[in-house]
>>> print(open('run.cif').read())   # mmCIF, C-alpha atoms and all ligand atoms
data_protein
#
loop_
_atom_site.label_atom_id
_atom_site.label_comp_id
_atom_site.auth_asym_id
_atom_site.auth_seq_id
_atom_site.Cartn_x
_atom_site.Cartn_y
_atom_site.Cartn_z
CA MET A 717 -128.02 81.53 -129.04
CA ARG A 718 -131.08 83.75 -128.95
CA SER A 719 -131.70 85.66 -125.78
CA SER A 720 -135.28 86.50 -126.48
CA PRO A 721 -138.12 87.36 -124.11
CA ALA A 722 -139.50 83.89 -124.87
CA ARG A 723 -136.34 82.31 -123.43
CA ALA A 724 -136.46 84.58 -120.40
CA SER A 725 -140.01 83.52 -119.70
CA GLN A 726 -138.98 79.89 -120.14
CA ALA A 727 -136.52 80.37 -117.25
CA ALA A 728 -139.26 82.04 -115.27
CA ALA A 729 -141.55 79.11 -115.96
CA TRP A 730 -139.12 76.46 -114.76
CA VAL A 731 -137.00 78.04 -112.03
CA ARG A 732 -138.80 77.65 -108.72
CA PRO A 733 -140.68 80.80 -107.61
CA GLU A 734 -138.79 80.95 -104.29
CA ILE A 735 -135.50 81.10 -106.25
CA LEU A 736 -136.83 83.69 -108.74
CA SER A 737 -137.78 85.95 -105.85
CA LEU A 738 -134.33 85.79 -104.21
CA SER A 739 -131.57 88.28 -104.87
CA PRO A 740 -128.13 86.69 -105.36
CA TYR A 741 -125.66 86.87 -102.45
CA HIS A 742 -123.78 90.07 -103.21
CA VAL A 743 -119.99 90.09 -102.83
CA PRO A 744 -118.85 93.71 -103.26
CA ASP A 745 -115.72 94.57 -105.23
CA ALA A 746 -112.97 95.44 -102.74
CA THR A 747 -110.24 96.35 -105.25
CA GLY A 748 -107.97 98.99 -103.75
CA LEU A 749 -109.89 99.10 -100.46
CA ILE A 750 -108.95 98.10 -96.91
CA LYS A 751 -111.18 95.08 -96.58
CA LEU A 752 -113.02 95.12 -93.27
CA ASP A 753 -116.29 93.63 -94.49
CA ALA A 754 -115.98 89.83 -94.37
CA MET A 755 -114.45 88.74 -91.05
CA GLU A 756 -111.18 87.68 -92.62
CA ASN A 757 -107.99 87.37 -90.59
CA PRO A 758 -105.81 90.26 -91.87
CA TYR A 759 -102.45 88.58 -91.19
CA PRO A 760 -100.66 86.64 -93.92
CA TRP A 761 -98.22 83.84 -93.05
CA PRO A 762 -94.55 84.70 -92.58
CA GLY A 763 -92.30 83.89 -95.58
CA GLU A 764 -90.70 80.71 -94.12
CA LEU A 765 -94.10 79.26 -93.37
CA GLN A 766 -95.32 80.02 -96.90
CA GLU A 767 -92.28 78.13 -98.22
CA ALA A 768 -92.89 75.15 -95.93
CA TRP A 769 -96.54 75.08 -97.04
CA LEU A 770 -95.55 75.11 -100.73
CA ASP A 771 -93.16 72.24 -100.00
CA ALA A 772 -96.03 70.28 -98.46
CA LEU A 773 -98.11 70.88 -101.62
CA ARG A 774 -95.31 69.61 -103.88
CA GLY A 775 -96.08 66.04 -102.76
CA VAL A 776 -99.70 66.25 -103.93
CA HIS A 777 -100.91 64.16 -106.89
CA LEU A 778 -103.52 66.23 -108.64
CA ASN A 779 -104.24 63.45 -111.13
CA ARG A 780 -105.88 61.48 -108.30
CA TYR A 781 -109.18 62.16 -106.59
CA PRO A 782 -108.95 63.47 -103.02
CA ASP A 783 -109.20 61.14 -100.03
CA GLY A 784 -112.99 61.00 -99.83
CA ALA A 785 -112.97 60.29 -96.10
CA ALA A 786 -110.27 62.92 -95.47
CA HIS A 787 -108.59 60.73 -92.81
CA GLY A 788 -105.41 62.75 -92.43
CA VAL A 789 -106.96 66.15 -92.04
CA LYS A 790 -109.68 64.81 -89.73
CA ALA A 791 -107.03 63.41 -87.41
CA SER A 792 -105.27 66.81 -87.30
CA LEU A 793 -108.57 68.55 -86.63
CA ARG A 794 -109.44 66.14 -83.82
CA ASP A 795 -106.09 66.92 -82.19
CA ALA A 796 -106.74 70.65 -82.50
CA MET A 797 -110.40 70.69 -81.44
CA ALA A 798 -110.54 67.82 -78.92
CA PRO A 799 -114.15 66.78 -79.61
CA PRO A 800 -115.67 64.07 -77.35
CA ALA A 801 -114.53 60.58 -78.40
CA SER A 802 -118.19 59.59 -78.92
CA THR A 803 -118.56 62.04 -81.86
CA ASP A 804 -117.87 61.87 -85.59
CA LEU A 805 -116.60 64.63 -87.89
CA MET A 806 -117.82 65.55 -91.34
CA LEU A 807 -116.00 68.07 -93.51
CA GLY A 808 -117.48 70.55 -95.94
CA ASN A 809 -116.38 73.04 -98.57
CA GLY A 810 -116.74 75.73 -95.92
CA SER A 811 -119.36 75.43 -93.20
CA ASP A 812 -121.79 76.93 -95.71
CA GLU A 813 -121.76 73.57 -97.47
CA LEU A 814 -122.33 71.75 -94.19
CA ILE A 815 -125.36 73.95 -93.52
CA GLN A 816 -126.61 72.91 -96.96
CA ILE A 817 -125.98 69.20 -96.28
CA ILE A 818 -127.75 69.37 -92.91
CA LEU A 819 -130.77 71.08 -94.43
CA LEU A 820 -130.95 68.76 -97.47
CA SER A 821 -130.86 65.77 -95.12
CA VAL A 822 -134.09 66.79 -93.39
CA ALA A 823 -135.91 68.84 -96.04
CA ALA A 824 -139.44 67.68 -96.82
CA PRO A 825 -142.73 69.46 -97.55
CA GLY A 826 -144.25 71.03 -94.46
CA ARG A 827 -141.00 71.01 -92.47
CA CYS A 828 -139.31 74.14 -91.20
CA VAL A 829 -136.29 75.82 -89.66
CA VAL A 830 -136.37 78.18 -86.67
CA THR A 831 -133.61 80.71 -85.94
CA PRO A 832 -133.29 83.64 -83.55
CA GLY A 833 -132.49 86.71 -85.63
CA PRO A 834 -130.92 88.76 -87.01
CA ALA A 835 -128.97 85.65 -87.96
CA PHE A 836 -126.32 84.48 -90.42
CA ALA A 837 -127.88 85.03 -93.88
CA MET A 838 -127.10 81.53 -95.16
CA TYR A 839 -129.51 79.84 -92.73
CA ARG A 840 -132.42 81.52 -94.46
CA MET A 841 -131.09 81.32 -98.02
CA ILE A 842 -130.24 77.61 -97.89
CA SER A 843 -133.52 76.78 -96.12
CA LEU A 844 -135.32 78.37 -99.05
CA PHE A 845 -133.14 76.51 -101.61
CA ALA A 846 -134.00 73.27 -99.84
CA GLY A 847 -137.72 74.05 -99.86
CA LEU A 848 -137.97 74.40 -96.08
CA ASP A 849 -140.06 77.07 -94.41
CA TYR A 850 -138.01 79.49 -92.35
CA HIS A 851 -139.19 81.21 -89.18
CA GLU A 852 -137.09 83.85 -87.51
CA VAL A 853 -137.72 84.76 -83.88
CA PRO A 854 -136.55 88.30 -83.05
CA LEU A 855 -133.79 88.77 -80.50
CA ARG A 856 -134.37 91.35 -77.78
CA ASP A 857 -133.27 94.95 -78.37
CA ASP A 858 -129.89 94.23 -76.74
CA PHE A 859 -129.54 91.21 -79.10
CA SER A 860 -129.87 88.71 -76.27
CA LEU A 861 -131.96 85.60 -76.78
CA ASP A 862 -135.66 85.84 -75.93
CA PRO A 863 -136.09 82.32 -74.51
CA GLU A 864 -139.87 82.57 -74.02
CA ALA A 865 -140.44 83.63 -77.63
CA LEU A 866 -138.03 81.03 -78.97
CA LEU A 867 -139.52 78.19 -76.92
CA GLU A 868 -142.99 79.24 -77.99
CA ALA A 869 -141.91 79.19 -81.66
CA ILE A 870 -140.37 75.74 -81.22
CA GLU A 871 -143.56 74.48 -79.60
CA ARG A 872 -145.69 76.00 -82.37
CA TRP A 873 -143.61 75.14 -85.46
CA GLN A 874 -141.97 71.87 -84.35
CA PRO A 875 -138.87 72.72 -86.45
CA ALA A 876 -136.70 70.04 -88.05
CA ILE A 877 -133.70 72.26 -87.28
CA VAL A 878 -132.91 75.17 -84.98
CA PHE A 879 -129.82 77.13 -86.06
CA ILE A 880 -128.01 79.33 -83.55
CA ALA A 881 -124.62 80.95 -84.06
CA TYR A 882 -122.53 81.18 -80.88
CA PRO A 883 -121.31 83.98 -80.93
CA ASN A 884 -123.99 85.33 -83.24
CA ASN A 885 -123.30 86.95 -86.61
CA PRO A 886 -124.02 89.86 -87.28
CA THR A 887 -124.48 90.93 -83.64
CA GLY A 888 -121.24 89.53 -82.16
CA ASN A 889 -122.62 88.48 -78.77
CA LEU A 890 -122.66 85.11 -77.04
CA PHE A 891 -126.09 83.90 -75.95
CA ASP A 892 -126.87 82.74 -72.43
CA PRO A 893 -125.85 79.06 -72.14
CA GLY A 894 -128.79 78.32 -69.84
CA ALA A 895 -131.21 79.53 -72.52
CA LEU A 896 -129.39 77.45 -75.15
CA ARG A 897 -129.84 74.34 -73.02
CA GLN A 898 -133.57 75.05 -72.74
CA VAL A 899 -133.76 75.32 -76.54
CA ILE A 900 -131.93 72.03 -77.08
CA GLU A 901 -134.07 70.25 -74.50
CA ALA A 902 -137.31 71.63 -75.99
CA SER A 903 -136.44 70.93 -79.64
CA PRO A 904 -138.15 68.00 -81.34
CA GLY A 905 -135.46 67.90 -84.05
CA LEU A 906 -131.83 68.96 -84.37
CA VAL A 907 -130.19 72.01 -82.86
CA VAL A 908 -127.11 73.23 -84.72
CA LEU A 909 -124.80 75.50 -82.74
CA ASP A 910 -122.47 77.33 -85.11
CA GLU A 911 -119.14 78.22 -83.52
CA ALA A 912 -117.60 79.99 -86.54
CA TYR A 913 -116.15 82.63 -84.18
CA HIS A 914 -114.77 80.24 -81.59
CA PRO A 915 -111.16 81.52 -81.94
CA PHE A 916 -112.33 84.93 -80.75
CA ALA A 917 -114.92 83.89 -78.17
CA GLN A 918 -112.90 81.11 -76.55
CA GLU A 919 -116.15 79.62 -75.29
CA THR A 920 -117.53 76.35 -76.56
CA VAL A 921 -120.39 73.96 -76.02
CA MET A 922 -118.31 71.08 -77.42
CA GLY A 923 -118.72 69.14 -74.16
CA TRP A 924 -122.51 69.26 -74.50
CA LEU A 925 -122.26 66.78 -77.38
CA GLN A 926 -121.91 64.10 -74.70
CA GLU A 927 -125.22 65.15 -73.13
CA TYR A 928 -127.53 65.88 -76.04
CA PRO A 929 -128.26 63.37 -78.84
CA ASN A 930 -129.93 66.10 -80.95
CA LEU A 931 -127.02 68.59 -80.97
CA LEU A 932 -124.62 69.28 -83.84
CA LEU A 933 -121.69 71.69 -83.69
CA LEU A 934 -120.21 73.64 -86.61
CA ARG A 935 -116.71 75.08 -86.80
CA THR A 936 -114.79 76.60 -89.70
CA LEU A 937 -111.19 77.47 -90.51
CA SER A 938 -112.35 80.58 -92.40
CA LYS A 939 -112.43 83.12 -89.59
CA LEU A 940 -109.29 81.67 -88.02
CA GLY A 941 -107.27 82.71 -91.06
CA LEU A 942 -108.00 80.30 -93.90
CA ALA A 943 -111.05 81.82 -95.61
CA GLY A 944 -109.60 81.01 -99.04
CA LEU A 945 -109.24 77.30 -98.28
CA ARG A 946 -112.95 76.56 -97.72
CA LEU A 947 -113.00 74.05 -94.88
CA GLY A 948 -115.87 73.64 -92.46
CA ILE A 949 -116.21 71.02 -89.76
CA LEU A 950 -119.34 69.39 -88.39
CA VAL A 951 -119.08 67.53 -85.08
CA GLY A 952 -121.95 65.37 -83.91
CA PRO A 953 -123.35 62.03 -82.84
CA PRO A 954 -122.47 59.23 -85.30
CA ILE A 955 -126.14 58.34 -85.87
CA TRP A 956 -126.73 61.79 -87.41
CA VAL A 957 -123.38 62.17 -89.14
CA ARG A 958 -123.73 58.76 -90.81
CA GLU A 959 -126.97 59.84 -92.49
CA MET A 960 -125.64 63.24 -93.55
CA GLU A 961 -122.56 61.60 -95.07
CA LYS A 962 -124.93 60.11 -97.67
CA VAL A 963 -125.87 63.62 -98.83
CA ARG A 964 -122.27 64.89 -98.96
CA LEU A 965 -120.83 64.68 -102.48
CA PRO A 966 -117.93 62.20 -102.48
CA TYR A 967 -115.04 64.60 -103.19
CA ASN A 968 -116.35 67.84 -101.74
CA VAL A 969 -113.05 68.77 -100.07
CA GLY A 970 -110.17 68.96 -102.55
CA THR A 971 -106.69 67.58 -101.99
CA LEU A 972 -105.10 71.05 -101.85
CA THR A 973 -107.52 72.00 -99.08
CA GLN A 974 -106.93 68.77 -97.15
CA VAL A 975 -103.15 69.01 -97.32
CA SER A 976 -103.13 72.74 -96.55
CA ALA A 977 -105.50 72.37 -93.60
CA ALA A 978 -103.43 69.55 -92.09
CA PHE A 979 -100.34 71.73 -92.57
CA ALA A 980 -102.08 74.70 -90.92
CA MET A 981 -103.10 72.56 -87.94
CA ARG A 982 -99.44 71.68 -87.42
CA HIS A 983 -98.88 75.43 -87.08
CA ALA A 984 -102.00 76.11 -85.04
CA LYS A 985 -99.92 78.10 -82.54
CA LEU A 986 -99.36 80.82 -85.13
CA LEU A 987 -103.07 81.04 -85.98
CA ASP A 988 -103.93 81.13 -82.26
CA ALA A 989 -101.45 83.95 -81.73
CA GLN A 990 -103.02 85.88 -84.62
CA ALA A 991 -106.46 85.37 -83.08
CA GLY A 992 -105.02 86.73 -79.82
CA HIS A 993 -103.85 89.91 -81.59
CA ILE A 994 -107.28 90.26 -83.16
CA ARG A 995 -108.99 89.91 -79.75
CA GLN A 996 -106.72 92.63 -78.33
CA GLU A 997 -107.39 94.91 -81.27
CA ARG A 998 -111.14 94.27 -80.92
CA GLU A 999 -111.01 95.67 -77.38
CA ARG A 1000 -108.95 98.68 -78.43
CA LEU A 1001 -111.23 99.40 -81.37
CA HIS A 1002 -114.33 99.03 -79.20
CA LEU A 1003 -113.00 101.55 -76.66
CA ALA A 1004 -112.00 104.05 -79.35
CA MET A 1005 -115.39 103.78 -81.08
CA GLN A 1006 -117.20 104.29 -77.77
CA GLY A 1007 -115.44 107.66 -77.62
CA ILE A 1008 -117.06 108.84 -80.87
CA ASP A 1009 -120.19 110.89 -80.29
CA GLY A 1010 -123.40 109.56 -81.75
CA LEU A 1011 -122.16 105.97 -82.19
CA THR A 1012 -123.42 102.96 -80.26
CA VAL A 1013 -120.97 100.05 -80.31
CA TYR A 1014 -122.18 96.63 -79.22
CA PRO A 1015 -120.07 94.24 -77.15
CA SER A 1016 -118.50 91.53 -79.30
CA ARG A 1017 -116.95 88.13 -78.68
CA ALA A 1018 -116.22 87.73 -82.41
CA ASN A 1019 -113.67 89.35 -84.78
CA PHE A 1020 -116.03 92.15 -85.76
CA LEU A 1021 -117.95 94.98 -84.13
CA LEU A 1022 -121.53 95.94 -84.84
CA PHE A 1023 -122.25 99.63 -84.43
CA ARG A 1024 -125.19 101.98 -84.84
CA THR A 1025 -124.83 105.44 -86.34
CA ALA A 1026 -127.02 108.47 -85.67
CA LEU A 1027 -130.54 108.17 -87.07
CA GLY A 1028 -130.62 107.64 -90.83
CA MET A 1029 -126.85 108.07 -91.22
CA ALA A 1030 -125.63 104.51 -91.81
CA SER A 1031 -125.52 104.55 -95.59
CA ARG A 1032 -123.82 107.95 -95.62
CA VAL A 1033 -121.21 106.79 -93.11
CA PHE A 1034 -120.71 103.60 -95.15
CA GLN A 1035 -120.09 105.67 -98.29
CA ALA A 1036 -117.81 108.14 -96.50
CA LEU A 1037 -115.70 105.23 -95.22
CA LYS A 1038 -115.58 103.75 -98.71
CA ASP A 1039 -114.52 107.10 -100.16
CA SER A 1040 -111.67 107.03 -97.59
CA GLY A 1041 -110.66 103.59 -98.88
CA ILE A 1042 -112.33 101.40 -96.25
CA LEU A 1043 -114.93 98.73 -96.94
CA VAL A 1044 -117.25 97.69 -94.10
CA LYS A 1045 -120.66 95.99 -94.23
CA ASP A 1046 -123.82 98.07 -94.41
CA LEU A 1047 -126.51 96.17 -92.50
CA SER A 1048 -129.01 99.01 -92.32
CA GLY A 1049 -132.10 97.88 -94.15
CA SER A 1050 -131.25 94.19 -93.75
CA HIS A 1051 -133.35 93.67 -90.60
CA PRO A 1052 -135.69 95.74 -88.41
CA LEU A 1053 -133.34 95.39 -85.42
CA LEU A 1054 -130.37 96.61 -87.49
CA THR A 1055 -131.62 100.04 -88.55
CA ASP A 1056 -128.62 102.40 -88.91
CA CYS A 1057 -126.18 99.51 -88.25
CA LEU A 1058 -122.80 98.86 -89.85
CA ARG A 1059 -120.39 96.01 -89.14
CA VAL A 1060 -116.61 96.33 -89.16
CA THR A 1061 -114.18 93.43 -89.13
CA VAL A 1062 -111.19 93.85 -86.82
CA GLY A 1063 -108.09 94.39 -88.98
CA THR A 1064 -104.41 95.01 -88.29
CA PRO A 1065 -103.58 97.90 -85.93
CA ALA A 1066 -102.77 100.11 -88.96
CA GLU A 1067 -106.03 99.19 -90.71
CA ASN A 1068 -108.02 99.84 -87.55
CA ASP A 1069 -106.34 103.22 -87.14
CA ALA A 1070 -107.21 104.12 -90.73
CA PHE A 1071 -110.80 103.04 -90.05
CA LEU A 1072 -110.98 105.13 -86.85
CA ARG A 1073 -109.58 108.19 -88.64
CA ALA A 1074 -112.07 107.82 -91.47
CA LEU A 1075 -114.94 107.19 -89.07
CA THR A 1076 -114.12 110.29 -87.03
CA GLY A 1077 -114.10 112.34 -90.22
CA SER A 1078 -117.20 110.68 -91.67
CA GLY A 1079 -119.76 112.85 -89.95
CA ALA A 1080 -121.04 109.78 -88.12
CA ARG A 1081 -122.22 112.28 -85.55
C1 LIG B 1 -118.70 83.11 -91.77
C2 LIG B 1 -119.71 82.23 -91.15
C3 LIG B 1 -119.91 80.92 -91.60
C4 LIG B 1 -119.37 80.43 -92.93
O1 LIG B 1 -118.15 80.01 -92.90
P1 LIG B 1 -117.46 79.24 -94.13
O2 LIG B 1 -116.82 78.10 -93.43
O3 LIG B 1 -116.51 80.23 -94.68
O4 LIG B 1 -118.49 78.79 -95.10
C5 LIG B 1 -120.79 80.11 -90.93
N1 LIG B 1 -121.48 80.57 -89.88
C6 LIG B 1 -121.35 81.82 -89.43
C7 LIG B 1 -122.16 82.27 -88.27
C8 LIG B 1 -120.47 82.70 -90.06
O5 LIG B 1 -120.39 83.96 -89.66
#
>>> encode(input="run.cif", output="structure tokens", more="lines below")
Ligand SMILES: *Cc1c(COP(=O)(O)O)cnc(C)c1O
Amino acid sequence: MRSSPARASQAAAWVRPEILSLSPYHVPDATGLIKLDAMENPYPWPGELQEAWLDALRGVHLNRYPDGAAHGVKASLRDAMAPPASTDLMLGNGSDELIQIILLSVAAPGRCVVTPGPAFAMYRMISLFAGLDYHEVPLRDDFSLDPEALLEAIERWQPAIVFIAYPNNPTGNLFDPGALRQVIEASPGLVVLDEAYHPFAQETVMGWLQEYPNLLLLRTLSKLGLAGLRLGILVGPPIWVREMEKVRLPYNVGTLTQVSAAFAMRHAKLLDAQAGHIRQERERLHLAMQGIDGLTVYPSRANFLLFRTALGMASRVFQALKDSGILVKDLSGSHPLLTDCLRVTVGTPAENDAFLRALTGSGAR
């Protein structure tokens, strides 16, 4: 196959301009590093549980397609999440896929998405893939919601979808519920509240699904401890879910994922206990980081902490941490409100200690 300039320009001629102008989502190589960059649960399962899980997988018939409606795993998830009886569930290959399904269901020329930001990067990327315009409304300096600005944007743009993560990623805070209600009530289209960090916030708007016909809720098993499985959950009114089910590809959630997720839900106590350890460690880490001169640490209800280094130091601190064997996320340069900001995922006590040691020696001051 030739790889000539002519072929390159052929790609440029056919791939949509909005895709050509994107940079691919970058997943850094973490080989040999303590991985505190991606909000993963750091605790593996104990040996007996691993064995029991493998036993559960032995009954799987990989020659058959998965259960397209995922009855078994949905029943386990309903038990674990207790959504209102009036709602339906839809499952995705991670909540990323559900975000894609939601957006594809409404995408049409001239339609748009509104999000308070900085926000989860996928809202913007998938909006662009789907051909939707994307409008971000800046949060206030303390990362709280600016209800006036958001309501004005909703009035002006009449968005098909408003995405809000609760707690927010990458800032870690929970928004004011009163302001969220105003947003839902003012929105002409759907509001999607993304509770990816629910295990660490222990706050939910699940009950609101009984009040608002234009509200959808997203959850995921990723941050709880099953990032490798890829299972996201959408909860919402049947009239919306029914339509979005038409966009979902028939076998989007594999049998191994369905069986493993149902197994994990039977052992939800263990995952909840792990989330409890992570919440405790988050508080300890927050306190210790507050004691480091020159750092600003923001309050978090998630399993990560956002922090600001001294002026212009973020990339140097990021590199110094990496040289000490610790990978965090460098957010400086990603958004005007995130100048000099890095994000660290809460790890095990030993990992957090290693991070604190490296941070103290990094010249963050
Ligand atoms: C991590 C994250 C997700 C994606 O979760 P997956 O289920 O792993 O695709 C969705 N929303 C927010 C806000 C996140 O931080």
>>> atom_distance(input="run.cif", atom1="CA of Ser802 (chain A)", atom2="CA of Phe891 (chain A)")
25.7 Å
>>> closest_residue(input="run.cif", among="A:Lys1038, A:Lys962, A:His851, A:Arg935", to="Leu866 (chain A)", atoms="all atoms listed in the file")
A:His851
>>> residues_near_ligand(input="run.cif", ligand="ligand LIG 1 (chain B)", cutoff="10 Å", atoms="all atoms listed in the file", output="PyMOL selection string")
chain A and resi 754-756+808-815+835-839+879-886+888+909-913+934-940+942-949+1018-1019
>>> write_last_selection(input="run.cif", atoms="C-alpha atoms", output="short mmCIF file (atom, residue, chain, number, x, y, z; two decimals), keeping the file's coordinate frame")
data_model
loop_
_atom_site.label_atom_id
_atom_site.label_comp_id
_atom_site.auth_asym_id
_atom_site.auth_seq_id
_atom_site.Cartn_x
_atom_site.Cartn_y
_atom_site.Cartn_z
CA ALA A 754 -115.98 89.83 -94.37
CA MET A 755 -114.45 88.74 -91.05
CA GLU A 756 -111.18 87.68 -92.62
CA GLY A 808 -117.48 70.55 -95.94
CA ASN A 809 -116.38 73.04 -98.57
CA GLY A 810 -116.74 75.73 -95.92
CA SER A 811 -119.36 75.43 -93.20
CA ASP A 812 -121.79 76.93 -95.71
CA GLU A 813 -121.76 73.57 -97.47
CA LEU A 814 -122.33 71.75 -94.19
CA ILE A 815 -125.36 73.95 -93.52
CA ALA A 835 -128.97 85.65 -87.96
CA PHE A 836 -126.32 84.48 -90.42
CA ALA A 837 -127.88 85.03 -93.88
CA MET A 838 -127.10 81.53 -95.16
CA TYR A 839 -129.51 79.84 -92.73
CA PHE A 879 -129.82 77.13 -86.06
CA ILE A 880 -128.01 79.33 -83.55
CA ALA A 881 -124.62 80.95 -84.06
CA TYR A 882 -122.53 81.18 -80.88
CA PRO A 883 -121.31 83.98 -80.93
CA ASN A 884 -123.99 85.33 -83.24
CA ASN A 885 -123.30 86.95 -86.61
CA PRO A 886 -124.02 89.86 -87.28
CA GLY A 888 -121.24 89.53 -82.16
CA LEU A 909 -124.80 75.50 -82.74
CA ASP A 910 -122.47 77.33 -85.11
CA GLU A 911 -119.14 78.22 -83.52
CA ALA A 912 -117.60 79.99 -86.54
CA TYR A 913 -116.15 82.63 -84.18
CA LEU A 934 -120.21 73.64 -86.61
CA ARG A 935 -116.71 75.08 -86.80
CA THR A 936 -114.79 76.60 -89.70
CA LEU A 937 -111.19 77.47 -90.51
CA SER A 938 -112.35 80.58 -92.40
CA LYS A 939 -112.43 83.12 -89.59
CA LEU A 940 -109.29 81.67 -88.02
CA LEU A 942 -108.00 80.30 -93.90
CA ALA A 943 -111.05 81.82 -95.61
CA GLY A 944 -109.60 81.01 -99.04
CA LEU A 945 -109.24 77.30 -98.28
CA ARG A 946 -112.95 76.56 -97.72
CA LEU A 947 -113.00 74.05 -94.88
CA GLY A 948 -115.87 73.64 -92.46
CA ILE A 949 -116.21 71.02 -89.76
CA ALA A 1018 -116.22 87.73 -82.41
CA ASN A 1019 -113.67 89.35 -84.78
#
>>> residues_near_point(input="run.cif", point="(-105.3, 89.6, -83.9)", cutoff="10 Å", atoms="all atoms listed in the file", output="VMD selection string")
chain A and resid 757 to 759 916 940 987 to 998 1019 1062 to 1065
>>> closest_residue(input="run.cif", among="A:Leu855, A:Leu933, A:Ala1004, A:Cys1057", to="Met1029 (chain A)", atoms="only C-alpha atoms")
A:Cys1057
>>> closest_residue(input="run.cif", among="A:Trp956, A:Ala722, A:Leu890, A:Glu901", to="Leu805 (chain A)", atoms="only C-alpha atoms")
A:Trp956
>>> atom_distance(input="run.cif", atom1="CA of Asn1068 (chain A)", atom2="CA of Leu1054 (chain A)")
22.6 Å
>>> residues_around(input="run.cif", residues="Glu852 (chain A)", least_positions_apart="3", cutoff="7 Å", atoms="all atoms listed in the file", output="list of chain:residue names")
A:Val830, A:Thr831, A:Pro832, A:Gly833
>>> closest_residue(input="run.cif", among="A:Leu778, A:Val1044, A:Leu861, A:Ile870", to="Thr1061 (chain A)", atoms="only C-alpha atoms")
A:Val1044
>>> atom_distance(input="run.cif", atom1="CA of Ser725 (chain A)", atom2="CA of Ser843 (chain A)")
25.4 Å
>>> closest_residue(input="run.cif", among="A:Leu1075, A:Ala869, A:Met841, A:Met960", to="Pro740 (chain A)", atoms="all atoms listed in the file")
A:Met841
>>> closest_residue(input="run.cif", among="A:Thr1025, A:Ser976, A:Ser1078, A:Ser1048", to="Leu770 (chain A)", atoms="all atoms listed in the file")
A:Ser976
>>> axis_aligned_box(input="run.cif", around="region 951-955 of chain A", padding_each_side="3 Å", output="JSON")
{"center_x": -122.6, "center_y": 62.9, "center_z": -84.4, "size_x": 13.1, "size_y": 15.2, "size_z": 9.0}
